[in-house]
Amino acid sequence: MHAQEIPRQEWVRFCNDYSRQHDGWLASVRVKGGSVVDHVEAESMPFRGVSYEEKGTEKDSIAIFLNKGNKEDETHIISHPTRLRQEVDDGRDRGLEIEARDGTTTLIRFKNPSVPEMVDRM
């Protein structure tokens with residue numbers, strides 16, 4: 001598996017593009033490291049998007065949006081992210097890895113990853 005580092009100055013654009021490309025994909029969210037016991041936050045839920053907030057009440061945070069049904073979204077907030085990586089394996093997008101200042105790592109993994117070129121054609 002290859003992890004591609006996303007430069008901080010590209011986070012807003014990357015998150016917007018990534019959200020459009022992966023909307024509806026089944027995703028799991030896991031948090032590990034720091035003082036947190038390794039645990040699953042969400043399992044096989046439709047991915048709605050990810051955003052980096054540069055300003056406002058959630059300044060310097062990454063939000064992950066998953067659909068929990070009935071048109072409701074579940075939101076996971078990562079405060080003070082330090083690294084954002086896209087994980088790719090054999091040309092297939094496996095998900096994202098987000099490291100935070102508190103030492104935690106949040107992993108977004110897709111259930112059935114696809115080749116990005118195939119997604120763009122849909």
# chains A, B, ... in the order shown; residues from 1 in each chain; ligands from 1

$ residues_around --residues "Leu84 (chain A)" --least-positions-apart "5" --cutoff "8 Å" --atoms "only C-alpha atoms" --output "PyMOL selection string"
chain A and resi 5-8+11+96-99

$ select_by_dssp --residues "chain A" --states "strand (DSSP E)" --output "number ranges by chain"
A: 2-5, 26-33, 39-53, 61-69, 72-79, 81-89, 92-100, 104-110

$ closest_atom_pairs --of "region 57-117 of chain A" --to "region 46-52 of chain A" --cutoff "12 Å" --atoms "only C-alpha atoms" --output "JSON lines"
{"residue": "A:Glu58", "atom": "CA", "partner": "A:Tyr52", "partner_atom": "CA", "distance": 9.2}
{"residue": "A:Lys59", "atom": "CA", "partner": "A:Tyr52", "partner_atom": "CA", "distance": 8.5}
{"residue": "A:Asp60", "atom": "CA", "partner": "A:Tyr52", "partner_atom": "CA", "distance": 7.2}
{"residue": "A:Ser61", "atom": "CA", "partner": "A:Tyr52", "partner_atom": "CA", "distance": 5.9}
{"residue": "A:Ile62", "atom": "CA", "partner": "A:Tyr52", "partner_atom": "CA", "distance": 4.5}
{"residue": "A:Ala63", "atom": "CA", "partner": "A:Ser51", "partner_atom": "CA", "distance": 5.3}
{"residue": "A:Ile64", "atom": "CA", "partner": "A:Val50", "partner_atom": "CA", "distance": 4.5}
{"residue": "A:Phe65", "atom": "CA", "partner": "A:Gly49", "partner_atom": "CA", "distance": 5.1}
{"residue": "A:Leu66", "atom": "CA", "partner": "A:Phe47", "partner_atom": "CA", "distance": 4.6}
{"residue": "A:Asn67", "atom": "CA", "partner": "A:Pro46", "partner_atom": "CA", "distance": 5.2}
{"residue": "A:Lys68", "atom": "CA", "partner": "A:Pro46", "partner_atom": "CA", "distance": 7.5}
{"residue": "A:Gly69", "atom": "CA", "partner": "A:Pro46", "partner_atom": "CA", "distance": 8.9}
{"residue": "A:Lys71", "atom": "CA", "partner": "A:Arg48", "partner_atom": "CA", "distance": 10.8}
{"residue": "A:Glu72", "atom": "CA", "partner": "A:Arg48", "partner_atom": "CA", "distance": 10.5}
{"residue": "A:Asp73", "atom": "CA", "partner": "A:Arg48", "partner_atom": "CA", "distance": 7.8}
{"residue": "A:Glu74", "atom": "CA", "partner": "A:Arg48", "partner_atom": "CA", "distance": 9.3}
{"residue": "A:Thr75", "atom": "CA", "partner": "A:Val50", "partner_atom": "CA", "distance": 9.4}
{"residue": "A:His76", "atom": "CA", "partner": "A:Val50", "partner_atom": "CA", "distance": 9.4}
{"residue": "A:Ile77", "atom": "CA", "partner": "A:Ser51", "partner_atom": "CA", "distance": 9.7}
{"residue": "A:Ile78", "atom": "CA", "partner": "A:Tyr52", "partner_atom": "CA", "distance": 9.5}
{"residue": "A:Ser79", "atom": "CA", "partner": "A:Tyr52", "partner_atom": "CA", "distance": 10.1}
{"residue": "A:His80", "atom": "CA", "partner": "A:Tyr52", "partner_atom": "CA", "distance": 10.2}
{"residue": "A:Pro81", "atom": "CA", "partner": "A:Tyr52", "partner_atom": "CA", "distance": 9.2}
{"residue": "A:Thr82", "atom": "CA", "partner": "A:Tyr52", "partner_atom": "CA", "distance": 11.7}
{"residue": "A:Arg83", "atom": "CA", "partner": "A:Tyr52", "partner_atom": "CA", "distance": 11.7}
{"residue": "A:Leu84", "atom": "CA", "partner": "A:Tyr52", "partner_atom": "CA", "distance": 10.2}
{"residue": "A:Gly95", "atom": "CA", "partner": "A:Phe47", "partner_atom": "CA", "distance": 10.7}
{"residue": "A:Leu96", "atom": "CA", "partner": "A:Val50", "partner_atom": "CA", "distance": 9.8}
{"residue": "A:Glu97", "atom": "CA", "partner": "A:Val50", "partner_atom": "CA", "distance": 11.8}
{"residue": "A:Ile98", "atom": "CA", "partner": "A:Val50", "partner_atom": "CA", "distance": 11.0}
{"residue": "A:Ile108", "atom": "CA", "partner": "A:Phe47", "partner_atom": "CA", "distance": 9.3}
{"residue": "A:Arg109", "atom": "CA", "partner": "A:Phe47", "partner_atom": "CA", "distance": 9.9}
{"residue": "A:Phe110", "atom": "CA", "partner": "A:Phe47", "partner_atom": "CA", "distance": 8.6}
{"residue": "A:Lys111", "atom": "CA", "partner": "A:Pro46", "partner_atom": "CA", "distance": 9.9}
{"residue": "A:Asn112", "atom": "CA", "partner": "A:Pro46", "partner_atom": "CA", "distance": 11.7}

$ closest_residue --among "A:Ser35, A:Cys15, A:Leu26, A:Ala3" --to "Asp102 (chain A)" --atoms "only C-alpha atoms"
A:Ser35

$ select_by_dssp --residues "chain A" --states "helix (DSSP H, G or I)" --output "list in words"
Arg8, Gln9, Glu10, Trp11, Val12, Arg13, Phe14, Cys15, Asn16, Asp17, Tyr18, Ser19, Arg20, Gln21, His22, Pro116, Glu117, Met118, Val119, Asp120 and Arg121 of chain A

$ atom_distance --atom1 "CA of Gly24 (chain A)" --atom2 "CA of Val40 (chain A)"
19.2 Å

$ residues_around --residues "Val31 (chain A)" --least-positions-apart "4" --cutoff "9 Å" --atoms "only C-alpha atoms" --output "PyMOL selection string"
chain A and resi 36-41+104-107

$ atom_distance --atom1 "CA of Gln9 (chain A)" --atom2 "CA of Arg85 (chain A)"
13.3 Å
